[in-house]
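Scroll down for the structure; my scribbles are underneath it.
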Amino acid sequence: MKRRYLALWLPYLPCERARRAGGASIPAPPEPFALVGRSGNALRLAAVDARAQALGLGPGMALADARARCPGLATLPHDPDADRGELDRLVAGMACLTPMAAADPPDGIVLDITGCAHLLGGERELAGRAAELAGYTVRHALADNAAAARALARYGTRRGQGGEDVHALPVAALELPGPALVALRCAGLYRIGDLARRPMAGLAARFGEAAVAGLRRLLGETAAPIAPHAAPVPIRAEARFAEPIARTDDVLDVIEDLLVRLERDMAARRIGGRRFVATLCRSDGARRRLAVETGQPVRDPATVMRLMRERIETLADPLDPGFGFDAIVLAVPRAEPLGTRQIELDRAEASGDSVAALIDRLGVRLGAEHVLRMAPRDRHLPEKAQALVPAATQDRGFSPPFAFRGGAGGGAARPARCPDDGPHPNPSPEAEDLSASCFDLAPVPRPLYLLDPPQPVMVVAGVPDGPPQRFRWRGKLHEVRLAEGPERIAAEWWRARGGHLPGGAGPTRDYYRIEDGAGRRYWMFRSGLFEERPNPRWYLHGLFP
């Protein structure tokens, strides 16, 4: 049977995904929209939507040049990890059309539809169904080999027409380096057909082996196999009984046996579970589910059994076996990588594991959403530099590669990446080079106790933009004996009008560390400069020990 391939190209996948994720914060079409990434020391467009492309914008253009050409351009930081995750999700969704679906990063999908088209009414209907499943702007093409289908989808002039001739494609479909394409055009070779009519040996001698290899793939003379997406094998174990069981202790013994079986499976895969779900199947068809979650990936049966017992003890409605349970299924729907660990000689539990176990037990008893911790955020304003998040979540952010930020608790400042509230991609080598070349700033003291929100105070200063000489807080007058500052924290320019995340930039702040006559030390700031507002106000933000 002759093989048939369907290629899907999603040219605006990054921007359309980000627009959906951003919701109302992103202007709706036809306003132009682009994603921005850092390249060396410059911000450049990483992806654009259809409107921005029509205005002449494209990936690789400097953000300053793009804003000069299109002042109304809306932007967000580029998140390649989210794009890869969305592409993987789309590939997995194509399993209802064909079991042979492969990702074509960063914005394509290739389907082997051999023997599948007649099940859906033909190739045209299958292609339409695939485009509908994708849910994004899609261009598709059909061909007898994967390389040709991919080239037709991306470079064809009549996209979507399965009978388009590969010979009519431009030489850009070979995806050769720029100098090689220039050499081909200088030689008068503009189409794939122009190359196909010439001897392969002469082409290889003049334009290199890569040109001939790409040409042979497009013509189907050499294989262009795809690596189809393989759905992960579910992590589950099941136990069935000839006679139903009803005692809770018997149920827990069976769950422990299943955990031992799953431990071997997860150890072989080098993963650990974050969520364990036990389904108890009663003889009358009813089902009861017990689910526990952990803050870190685990596969130790004793740890999970301790949480299972906690879950059963906290049930508002105790387990009702009815006529007994005739089957128990244990599944791990959420798992993460977990390598082998070196145990201590005395087999003592590490302190970090003790804290994680405590968080898990509190989460089972009180609910994971009620056990919180402080997590750092990429914000310059001290009161917004941290946020309460569920303690079971793990930190996945990193410090940005530009803009300096002072370390917490007086630590040295370090280079930081452009702040945003979304996920952070992995730092690029250019960003690491930039970080290595930057100078560290001196440690900046921070108060032990921070007031949130800052409290207004009445201040008397010797000069308008000088430090306070006396201030009144909570009805009490304090005479200033010593003052140090100012330490200026500028407004977050990326949140100003026209920035990446407009809204909430705030005024410039000048912070002072002051000491009153009684030796008490305070952290105060003047909100706004005299050029920004005629009468800046003063606030007390923290207390030093």
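Ligands are numbered from 1 in the order shown, chains are lettered A, B, ... in the order of the structure tokens, and residues start at 1 in each chain.
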Q: Can you list, as a PyMOL selection string, all residues belonging to segment 225-403 of chain A that DSSP tags as helix (DSSP H, G or I)?
A: chain A and resi 248-269+301-313+351-366+368-370+382-384
As a short mmCIF file (atom, residue, chain, number, x, y, z; two decimals) with C-alpha atoms, in the first residue's frame, please: every residue in segment 22-151 of chain A that a backbone DSSP assignment puts in strand (DSSP E or B).
```
data_model
loop_
_atom_site.label_atom_id
_atom_site.label_comp_id
_atom_site.auth_asym_id
_atom_site.auth_seq_id
_atom_site.Cartn_x
_atom_site.Cartn_y
_atom_site.Cartn_z
CA PHE A 33 0.61 41.26 18.77
CA ALA A 34 4.11 39.80 19.15
CA LEU A 35 6.20 37.80 21.59
CA VAL A 36 9.57 39.16 22.70
CA GLY A 37 12.76 37.28 23.54
CA ARG A 38 16.23 38.33 24.54
CA SER A 39 19.06 37.91 22.04
CA ALA A 42 18.81 43.31 22.73
CA LEU A 43 15.11 42.52 22.92
CA ARG A 44 13.89 41.06 19.65
CA LEU A 45 10.63 39.72 18.30
CA ALA A 46 10.48 35.95 18.70
CA ALA A 47 7.06 35.46 17.06
CA VAL A 48 4.37 37.64 15.47
CA ALA A 62 14.54 44.53 17.27
CA ALA A 74 1.17 44.63 22.10
CA THR A 75 3.88 42.33 23.41
CA LEU A 76 4.47 39.58 25.94
CA PRO A 77 7.62 37.64 26.87
CA ALA A 101 1.41 11.38 14.68
CA ALA A 102 4.72 13.17 15.20
CA ALA A 103 5.65 16.68 16.28
CA ASP A 104 7.55 18.85 13.80
CA GLY A 108 4.28 21.68 12.85
CA ILE A 109 2.71 18.21 12.98
CA VAL A 110 3.18 15.32 10.54
CA LEU A 111 0.59 12.51 10.37
CA ASP A 112 1.01 9.15 8.66
CA ARG A 139 -2.05 25.22 6.61
CA HIS A 140 -1.94 21.61 5.48
CA ALA A 141 -0.73 19.51 2.57
CA LEU A 142 -0.77 15.84 1.51
CA ALA A 143 2.04 13.91 -0.14
#
```
Q: Please provide the set of residues having any atom within 8 Å of Arg334 of chain A, restricted to only C-alpha atoms, with same-chain residues fewer than 2 positions apart removed, written as a list in words.
A: Gly273, Arg274, Arg275, Phe276, Val332 and Glu336 of chain A
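Atom CA of Pro376 of chain A lies 28.8 Å from atom CA of Pro333 of chain A.
Residue nearest Met305 of chain A, chosen from A:Cys186, A:Ala291, A:Leu366, A:Ala385 and counting only C-alpha atoms: A:Ala291.
In this model, the gap between atom CA of Pro447 of chain A and atom CA of Leu543 of chain A comes to 5.4 Å.
For the choices A:Ala146, A:Leu63, A:Met524, A:Val480, the atom-to-atom distance to Ala223 of chain A is smallest for A:Ala146 when using only C-alpha atoms.
Counting only C-alpha atoms, the residue from A:Cys116, A:Glu487, A:Asp65, A:Arg470 that sits nearest to Cys96 of chain A is A:Cys116.
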(Q) I need the residue nearest Ile235 of chain A from this list: A:Ala24, A:Ala204, A:Leu189, A:Ala268. Use only C-alpha atoms for the distance. (A) A:Ala268
Q) Excluding same-chain residues fewer than 2 positions from segment 209-214 of chain A, what lies within 7 Å of it counting only C-alpha atoms, as a PyMOL selection string? A) chain A and resi 174+176+200+203-204+207+216-218
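Counting only C-alpha atoms and comparing A:Ile113, A:Val389, A:Ala461, A:Leu13, the residue that lies closest to Arg84 of chain A is A:Leu13.
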Q.
Env of Met374 of chain A: 7 Å cut, atoms = only C-alpha atoms, seq-sep filter 5 positions within chain, self excluded. Answer as number ranges by chain.
A. A: 386-389
Print the selection's residues with N, CA and C atoms to a file, as an mmCIF file, in the first residue's frame.
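Here's the written file selection-v4.cif:
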```cif
data_model
loop_
_atom_site.group_PDB
_atom_site.id
_atom_site.type_symbol
_atom_site.label_atom_id
_atom_site.label_comp_id
_atom_site.auth_asym_id
_atom_site.auth_seq_id
_atom_site.Cartn_x
_atom_site.Cartn_y
_atom_site.Cartn_z
ATOM 1 N N GLN A 386 7.231 38.932 46.993
ATOM 2 C CA GLN A 386 6.918 37.586 47.416
ATOM 3 C C GLN A 386 5.409 37.402 47.391
ATOM 4 N N ALA A 387 4.981 36.167 47.352
ATOM 5 C CA ALA A 387 3.556 35.859 47.301
ATOM 6 C C ALA A 387 3.308 34.549 48.029
ATOM 7 N N LEU A 388 2.092 34.376 48.527
ATOM 8 C CA LEU A 388 1.691 33.141 49.178
ATOM 9 C C LEU A 388 1.254 32.140 48.111
ATOM 10 N N VAL A 389 1.855 30.965 48.133
ATOM 11 C CA VAL A 389 1.514 29.896 47.186
ATOM 12 C C VAL A 389 1.352 28.616 47.988
#
```
Set the distance at 12 Å and use only C-alpha atoms: which residues neighbour segment 252-254 of chain A once local chain neighbours fewer than 5 positions away are removed? I'd like the list as a short mmCIF file (atom, residue, chain, number, x, y, z; two decimals) with all heavy atoms, in the first residue's frame.
```
data_model
loop_
_atom_site.label_atom_id
_atom_site.label_comp_id
_atom_site.auth_asym_id
_atom_site.auth_seq_id
_atom_site.Cartn_x
_atom_site.Cartn_y
_atom_site.Cartn_z
N ALA A 237 -1.94 -0.34 38.98
CA ALA A 237 -1.94 -1.74 39.39
C ALA A 237 -3.34 -2.07 39.90
O ALA A 237 -4.03 -1.21 40.46
CB ALA A 237 -0.88 -2.00 40.47
N GLU A 238 -3.73 -3.32 39.73
CA GLU A 238 -5.09 -3.72 40.07
C GLU A 238 -5.06 -5.06 40.80
O GLU A 238 -4.22 -5.93 40.51
CB GLU A 238 -5.93 -3.84 38.80
CG GLU A 238 -7.38 -4.22 39.04
CD GLU A 238 -8.19 -4.28 37.76
OE1 GLU A 238 -7.59 -4.03 36.68
OE2 GLU A 238 -9.40 -4.58 37.83
N ALA A 239 -5.96 -5.20 41.75
CA ALA A 239 -6.12 -6.45 42.49
C ALA A 239 -7.60 -6.81 42.52
O ALA A 239 -8.44 -5.96 42.87
CB ALA A 239 -5.56 -6.32 43.91
N ARG A 240 -7.91 -8.05 42.13
CA ARG A 240 -9.28 -8.56 42.16
C ARG A 240 -9.36 -9.72 43.15
O ARG A 240 -8.39 -10.46 43.35
CB ARG A 240 -9.74 -9.00 40.77
CG ARG A 240 -9.84 -7.85 39.78
CD ARG A 240 -10.38 -8.30 38.44
NE ARG A 240 -10.57 -7.19 37.53
CZ ARG A 240 -11.66 -6.44 37.46
NH1 ARG A 240 -12.69 -6.73 38.27
NH2 ARG A 240 -11.76 -5.43 36.63
N PHE A 241 -10.53 -9.88 43.75
CA PHE A 241 -10.69 -10.87 44.81
C PHE A 241 -11.82 -11.83 44.47
O PHE A 241 -12.88 -11.42 43.93
CB PHE A 241 -11.01 -10.17 46.15
CG PHE A 241 -10.17 -8.95 46.40
CD1 PHE A 241 -10.73 -7.68 46.38
CD2 PHE A 241 -8.81 -9.08 46.63
CE1 PHE A 241 -9.96 -6.56 46.59
CE2 PHE A 241 -8.02 -7.95 46.85
CZ PHE A 241 -8.60 -6.69 46.83
N ILE A 245 -13.89 -8.11 50.13
CA ILE A 245 -13.32 -7.77 51.44
C ILE A 245 -14.04 -6.54 51.97
O ILE A 245 -14.50 -5.69 51.20
CB ILE A 245 -11.81 -7.50 51.36
CG1 ILE A 245 -11.51 -6.33 50.40
CG2 ILE A 245 -11.07 -8.75 50.89
CD1 ILE A 245 -10.05 -5.94 50.35
N ALA A 246 -14.15 -6.44 53.30
CA ALA A 246 -14.91 -5.34 53.89
C ALA A 246 -14.14 -4.59 54.96
O ALA A 246 -14.45 -3.43 55.25
CB ALA A 246 -16.22 -5.87 54.48
N ARG A 247 -13.12 -5.20 55.56
CA ARG A 247 -12.39 -4.54 56.65
C ARG A 247 -11.44 -3.48 56.08
O ARG A 247 -10.76 -3.70 55.08
CB ARG A 247 -11.62 -5.56 57.47
CG ARG A 247 -12.50 -6.56 58.18
CD ARG A 247 -11.68 -7.62 58.93
NE ARG A 247 -10.83 -7.00 59.95
CZ ARG A 247 -9.52 -6.98 59.89
NH1 ARG A 247 -8.88 -7.51 58.84
NH2 ARG A 247 -8.81 -6.42 60.87
N LEU A 259 1.24 -0.69 46.08
CA LEU A 259 2.29 0.33 46.09
C LEU A 259 3.67 -0.30 45.91
O LEU A 259 4.54 0.27 45.25
CB LEU A 259 2.24 1.12 47.40
CG LEU A 259 1.17 2.19 47.50
CD1 LEU A 259 1.08 2.72 48.92
CD2 LEU A 259 1.45 3.32 46.53
N VAL A 260 3.88 -1.48 46.49
CA VAL A 260 5.16 -2.16 46.30
C VAL A 260 5.37 -2.52 44.85
O VAL A 260 6.48 -2.39 44.30
CB VAL A 260 5.23 -3.41 47.20
CG1 VAL A 260 6.48 -4.22 46.90
CG2 VAL A 260 5.20 -3.01 48.67
N ARG A 261 4.31 -2.95 44.18
CA ARG A 261 4.41 -3.27 42.75
C ARG A 261 4.69 -2.01 41.93
O ARG A 261 5.53 -2.01 41.02
CB ARG A 261 3.14 -3.95 42.27
CG ARG A 261 2.95 -5.35 42.84
CD ARG A 261 1.53 -5.84 42.71
NE ARG A 261 1.01 -5.74 41.35
CZ ARG A 261 -0.25 -6.05 41.01
NH1 ARG A 261 -1.11 -6.46 41.94
NH2 ARG A 261 -0.64 -5.95 39.76
N ALA A 278 -6.53 5.70 44.74
CA ALA A 278 -6.99 4.33 44.95
C ALA A 278 -8.50 4.28 44.72
O ALA A 278 -9.26 5.04 45.35
CB ALA A 278 -6.65 3.85 46.35
N THR A 279 -8.93 3.43 43.81
CA THR A 279 -10.35 3.27 43.49
C THR A 279 -10.83 1.95 44.06
O THR A 279 -10.30 0.87 43.71
CB THR A 279 -10.57 3.29 41.97
OG1 THR A 279 -10.05 4.51 41.43
CG2 THR A 279 -12.06 3.21 41.65
N LEU A 280 -11.80 2.02 44.95
CA LEU A 280 -12.36 0.83 45.60
C LEU A 280 -13.68 0.49 44.92
O LEU A 280 -14.63 1.28 44.95
CB LEU A 280 -12.58 1.10 47.09
CG LEU A 280 -11.41 1.77 47.84
CD1 LEU A 280 -11.76 1.99 49.31
CD2 LEU A 280 -10.16 0.93 47.72
N LEU A 290 -9.95 7.26 46.95
CA LEU A 290 -9.08 7.89 47.94
C LEU A 290 -7.89 8.46 47.19
O LEU A 290 -7.17 7.72 46.50
CB LEU A 290 -8.60 6.86 48.97
CG LEU A 290 -9.68 6.16 49.82
CD1 LEU A 290 -9.05 5.08 50.67
CD2 LEU A 290 -10.39 7.18 50.71
N PRO A 301 6.57 3.20 49.55
CA PRO A 301 5.22 2.78 49.97
C PRO A 301 4.86 3.26 51.37
O PRO A 301 3.69 3.62 51.62
CB PRO A 301 5.29 1.25 49.90
CG PRO A 301 6.39 0.95 48.92
CD PRO A 301 7.39 2.05 49.11
N ALA A 302 5.82 3.28 52.30
CA ALA A 302 5.50 3.70 53.67
C ALA A 302 5.03 5.15 53.71
O ALA A 302 4.09 5.49 54.46
CB ALA A 302 6.73 3.50 54.56
N VAL A 304 3.51 6.88 51.30
CA VAL A 304 2.17 7.00 50.73
C VAL A 304 1.14 6.38 51.66
O VAL A 304 0.02 6.90 51.81
CB VAL A 304 2.13 6.36 49.34
CG1 VAL A 304 0.75 6.52 48.71
CG2 VAL A 304 3.18 6.98 48.43
N MET A 305 1.48 5.25 52.30
CA MET A 305 0.52 4.61 53.20
C MET A 305 0.21 5.49 54.40
O MET A 305 -0.93 5.51 54.87
CB MET A 305 1.08 3.27 53.67
CG MET A 305 1.04 2.18 52.62
SD MET A 305 -0.62 1.93 51.94
CE MET A 305 -1.55 1.54 53.43
N ARG A 306 1.19 6.22 54.89
CA ARG A 306 0.92 7.13 56.00
C ARG A 306 -0.10 8.18 55.60
O ARG A 306 -1.01 8.53 56.36
CB ARG A 306 2.23 7.79 56.46
CG ARG A 306 2.06 8.71 57.64
CD ARG A 306 3.39 9.11 58.25
NE ARG A 306 4.22 9.82 57.27
CZ ARG A 306 5.36 9.34 56.79
NH1 ARG A 306 5.79 8.15 57.17
NH2 ARG A 306 6.07 10.05 55.92
N LEU A 307 0.01 8.70 54.36
CA LEU A 307 -0.95 9.69 53.89
C LEU A 307 -2.31 9.06 53.64
O LEU A 307 -3.36 9.69 53.87
CB LEU A 307 -0.43 10.34 52.59
CG LEU A 307 0.89 11.11 52.72
CD1 LEU A 307 1.31 11.65 51.36
CD2 LEU A 307 0.77 12.24 53.72
N MET A 308 -2.33 7.82 53.15
CA MET A 308 -3.62 7.13 52.93
C MET A 308 -4.36 6.96 54.25
O MET A 308 -5.59 7.16 54.33
CB MET A 308 -3.38 5.78 52.27
CG MET A 308 -3.07 5.85 50.79
SD MET A 308 -4.57 6.30 49.84
CE MET A 308 -3.92 6.19 48.17
N ARG A 309 -3.64 6.57 55.30
CA ARG A 309 -4.30 6.41 56.60
C ARG A 309 -4.81 7.75 57.11
O ARG A 309 -5.91 7.84 57.71
CB ARG A 309 -3.32 5.78 57.59
CG ARG A 309 -3.00 4.33 57.29
CD ARG A 309 -2.20 3.69 58.41
NE ARG A 309 -2.02 2.26 58.17
CZ ARG A 309 -0.99 1.73 57.53
NH1 ARG A 309 -0.02 2.53 57.08
NH2 ARG A 309 -0.90 0.43 57.34
N GLU A 310 -4.03 8.82 56.90
CA GLU A 310 -4.50 10.16 57.28
C GLU A 310 -5.76 10.52 56.51
O GLU A 310 -6.70 11.09 57.08
CB GLU A 310 -3.40 11.20 56.99
CG GLU A 310 -2.16 11.06 57.85
CD GLU A 310 -2.31 11.77 59.19
OE1 GLU A 310 -3.36 12.40 59.40
OE2 GLU A 310 -1.38 11.70 60.00
N ARG A 311 -5.80 10.19 55.23
CA ARG A 311 -6.98 10.50 54.42
C ARG A 311 -8.21 9.76 54.94
O ARG A 311 -9.30 10.34 55.04
CB ARG A 311 -6.71 10.12 52.97
CG ARG A 311 -7.92 10.27 52.05
CD ARG A 311 -8.38 11.71 51.95
NE ARG A 311 -7.40 12.51 51.24
CZ ARG A 311 -7.41 13.84 51.26
NH1 ARG A 311 -8.30 14.50 51.97
NH2 ARG A 311 -6.49 14.51 50.59
N ILE A 312 -8.06 8.49 55.27
CA ILE A 312 -9.21 7.72 55.76
C ILE A 312 -9.69 8.26 57.10
O ILE A 312 -10.90 8.36 57.36
CB ILE A 312 -8.83 6.23 55.86
CG1 ILE A 312 -8.62 5.66 54.45
CG2 ILE A 312 -9.91 5.44 56.59
CD1 ILE A 312 -8.17 4.22 54.44
N LEU A 319 -15.58 4.96 55.16
CA LEU A 319 -15.68 3.99 54.08
C LEU A 319 -16.85 3.05 54.34
O LEU A 319 -16.96 2.44 55.41
CB LEU A 319 -14.39 3.19 53.96
CG LEU A 319 -13.19 3.89 53.36
CD1 LEU A 319 -11.98 2.96 53.35
CD2 LEU A 319 -13.48 4.36 51.95
N PHE A 325 -15.71 -5.01 48.89
CA PHE A 325 -15.01 -4.56 47.68
C PHE A 325 -14.46 -5.79 46.97
O PHE A 325 -13.72 -6.59 47.57
CB PHE A 325 -13.86 -3.61 48.05
CG PHE A 325 -14.29 -2.39 48.81
CD1 PHE A 325 -13.98 -2.24 50.15
CD2 PHE A 325 -15.02 -1.39 48.19
CE1 PHE A 325 -14.37 -1.11 50.85
CE2 PHE A 325 -15.42 -0.26 48.89
CZ PHE A 325 -15.10 -0.12 50.22
N ASP A 326 -14.77 -5.90 45.69
CA ASP A 326 -14.27 -7.05 44.92
C ASP A 326 -13.08 -6.69 44.03
O ASP A 326 -12.54 -7.57 43.35
CB ASP A 326 -15.37 -7.68 44.09
CG ASP A 326 -16.02 -6.68 43.14
OD1 ASP A 326 -15.51 -5.55 43.02
OD2 ASP A 326 -17.04 -7.03 42.51
N ALA A 327 -12.67 -5.41 43.99
CA ALA A 327 -11.50 -5.00 43.21
C ALA A 327 -10.99 -3.68 43.74
O ALA A 327 -11.77 -2.82 44.20
CB ALA A 327 -11.84 -4.89 41.73
N ILE A 328 -9.67 -3.50 43.69
CA ILE A 328 -9.03 -2.25 44.09
C ILE A 328 -8.02 -1.89 43.00
O ILE A 328 -7.20 -2.72 42.61
CB ILE A 328 -8.32 -2.36 45.44
CG1 ILE A 328 -9.34 -2.65 46.56
CG2 ILE A 328 -7.55 -1.08 45.76
CD1 ILE A 328 -8.71 -2.81 47.93
N VAL A 329 -8.10 -0.65 42.51
CA VAL A 329 -7.21 -0.16 41.47
C VAL A 329 -6.42 1.02 42.04
O VAL A 329 -7.01 1.95 42.59
CB VAL A 329 -7.98 0.27 40.21
CG1 VAL A 329 -7.02 0.79 39.15
CG2 VAL A 329 -8.81 -0.88 39.67
N LEU A 330 -5.11 0.97 41.91
CA LEU A 330 -4.25 2.06 42.36
C LEU A 330 -3.56 2.66 41.15
O LEU A 330 -2.91 1.94 40.38
CB LEU A 330 -3.20 1.55 43.36
CG LEU A 330 -2.25 2.60 43.93
CD1 LEU A 330 -3.02 3.65 44.73
CD2 LEU A 330 -1.18 1.95 44.79
#
```
Long-range neighbours of Gly542 of chain A as an mmCIF file with all heavy atoms, in the first residue's frame, 8 Å cut-off, only C-alpha atoms, 3 positions minimum in chain:
```cif
data_model
loop_
_atom_site.group_PDB
_atom_site.id
_atom_site.type_symbol
_atom_site.label_atom_id
_atom_site.label_comp_id
_atom_site.auth_asym_id
_atom_site.auth_seq_id
_atom_site.Cartn_x
_atom_site.Cartn_y
_atom_site.Cartn_z
ATOM 1 N N PRO A 447 14.870 45.578 56.199
ATOM 2 C CA PRO A 447 14.295 45.422 57.546
ATOM 3 C C PRO A 447 13.825 43.991 57.787
ATOM 4 O O PRO A 447 13.450 43.272 56.853
ATOM 5 C CB PRO A 447 13.125 46.409 57.534
ATOM 6 C CG PRO A 447 12.764 46.556 56.098
ATOM 7 C CD PRO A 447 14.050 46.431 55.334
ATOM 8 N N LEU A 448 13.853 43.589 59.050
ATOM 9 C CA LEU A 448 13.390 42.263 59.410
ATOM 10 C C LEU A 448 11.868 42.187 59.370
ATOM 11 O O LEU A 448 11.300 41.142 59.042
ATOM 12 C CB LEU A 448 13.907 41.908 60.813
ATOM 13 C CG LEU A 448 13.583 40.510 61.319
ATOM 14 C CD1 LEU A 448 14.245 39.461 60.449
ATOM 15 C CD2 LEU A 448 14.037 40.353 62.770
ATOM 16 N N TYR A 449 11.211 43.293 59.676
ATOM 17 C CA TYR A 449 9.740 43.320 59.718
ATOM 18 C C TYR A 449 9.252 44.298 58.661
ATOM 19 O O TYR A 449 9.604 45.478 58.677
ATOM 20 C CB TYR A 449 9.262 43.754 61.110
ATOM 21 C CG TYR A 449 7.763 43.739 61.284
ATOM 22 C CD1 TYR A 449 7.058 42.547 61.370
ATOM 23 C CD2 TYR A 449 7.054 44.935 61.363
ATOM 24 C CE1 TYR A 449 5.686 42.538 61.522
ATOM 25 C CE2 TYR A 449 5.680 44.938 61.528
ATOM 26 C CZ TYR A 449 4.998 43.733 61.598
ATOM 27 O OH TYR A 449 3.639 43.736 61.747
ATOM 28 N N LEU A 450 8.445 43.824 57.738
ATOM 29 C CA LEU A 450 7.937 44.644 56.636
ATOM 30 C C LEU A 450 6.455 44.910 56.836
ATOM 31 O O LEU A 450 5.683 43.986 57.144
ATOM 32 C CB LEU A 450 8.163 43.926 55.303
ATOM 33 C CG LEU A 450 8.117 44.781 54.035
ATOM 34 C CD1 LEU A 450 9.300 45.737 54.007
ATOM 35 C CD2 LEU A 450 8.140 43.891 52.794
ATOM 36 N N LEU A 451 6.061 46.147 56.706
ATOM 37 C CA LEU A 451 4.657 46.544 56.839
ATOM 38 C C LEU A 451 3.987 46.455 55.467
ATOM 39 O O LEU A 451 4.473 47.032 54.494
ATOM 40 C CB LEU A 451 4.550 47.974 57.382
ATOM 41 C CG LEU A 451 5.166 48.228 58.753
ATOM 42 C CD1 LEU A 451 5.100 49.708 59.100
ATOM 43 C CD2 LEU A 451 4.443 47.401 59.813
ATOM 44 N N PRO A 454 2.393 49.683 53.237
ATOM 45 C CA PRO A 454 3.151 50.723 53.952
ATOM 46 C C PRO A 454 2.203 51.711 54.629
ATOM 47 O O PRO A 454 1.134 52.032 54.099
ATOM 48 C CB PRO A 454 3.968 51.387 52.841
ATOM 49 C CG PRO A 454 4.032 50.368 51.741
ATOM 50 C CD PRO A 454 2.745 49.613 51.810
ATOM 51 N N TYR A 522 14.171 52.655 61.396
ATOM 52 C CA TYR A 522 13.007 52.544 60.514
ATOM 53 C C TYR A 522 13.461 52.557 59.051
ATOM 54 O O TYR A 522 14.566 53.010 58.718
ATOM 55 C CB TYR A 522 12.035 53.709 60.754
ATOM 56 C CG TYR A 522 11.608 53.879 62.184
ATOM 57 C CD1 TYR A 522 12.362 54.662 63.071
ATOM 58 C CD2 TYR A 522 10.457 53.277 62.666
ATOM 59 C CE1 TYR A 522 11.979 54.826 64.382
ATOM 60 C CE2 TYR A 522 10.063 53.442 63.986
ATOM 61 C CZ TYR A 522 10.830 54.207 64.833
ATOM 62 O OH TYR A 522 10.449 54.366 66.140
ATOM 63 N N TRP A 523 12.553 52.080 58.218
ATOM 64 C CA TRP A 523 12.759 52.089 56.765
ATOM 65 C C TRP A 523 11.608 52.866 56.148
ATOM 66 O O TRP A 523 10.465 52.423 56.176
ATOM 67 C CB TRP A 523 12.811 50.664 56.231
ATOM 68 C CG TRP A 523 13.463 50.524 54.882
ATOM 69 C CD1 TRP A 523 14.567 51.167 54.453
ATOM 70 C CD2 TRP A 523 13.049 49.663 53.821
ATOM 71 N NE1 TRP A 523 14.885 50.764 53.169
ATOM 72 C CE2 TRP A 523 13.970 49.828 52.767
ATOM 73 C CE3 TRP A 523 12.003 48.754 53.649
ATOM 74 C CZ2 TRP A 523 13.862 49.150 51.557
ATOM 75 C CZ3 TRP A 523 11.905 48.062 52.465
ATOM 76 C CH2 TRP A 523 12.843 48.267 51.427
ATOM 77 N N MET A 524 11.900 54.069 55.608
ATOM 78 C CA MET A 524 10.863 54.955 55.096
ATOM 79 C C MET A 524 11.169 55.305 53.651
ATOM 80 O O MET A 524 12.321 55.232 53.201
ATOM 81 C CB MET A 524 10.784 56.236 55.944
ATOM 82 C CG MET A 524 10.525 55.989 57.418
ATOM 83 S SD MET A 524 10.589 57.515 58.377
ATOM 84 C CE MET A 524 9.287 58.443 57.583
#
```
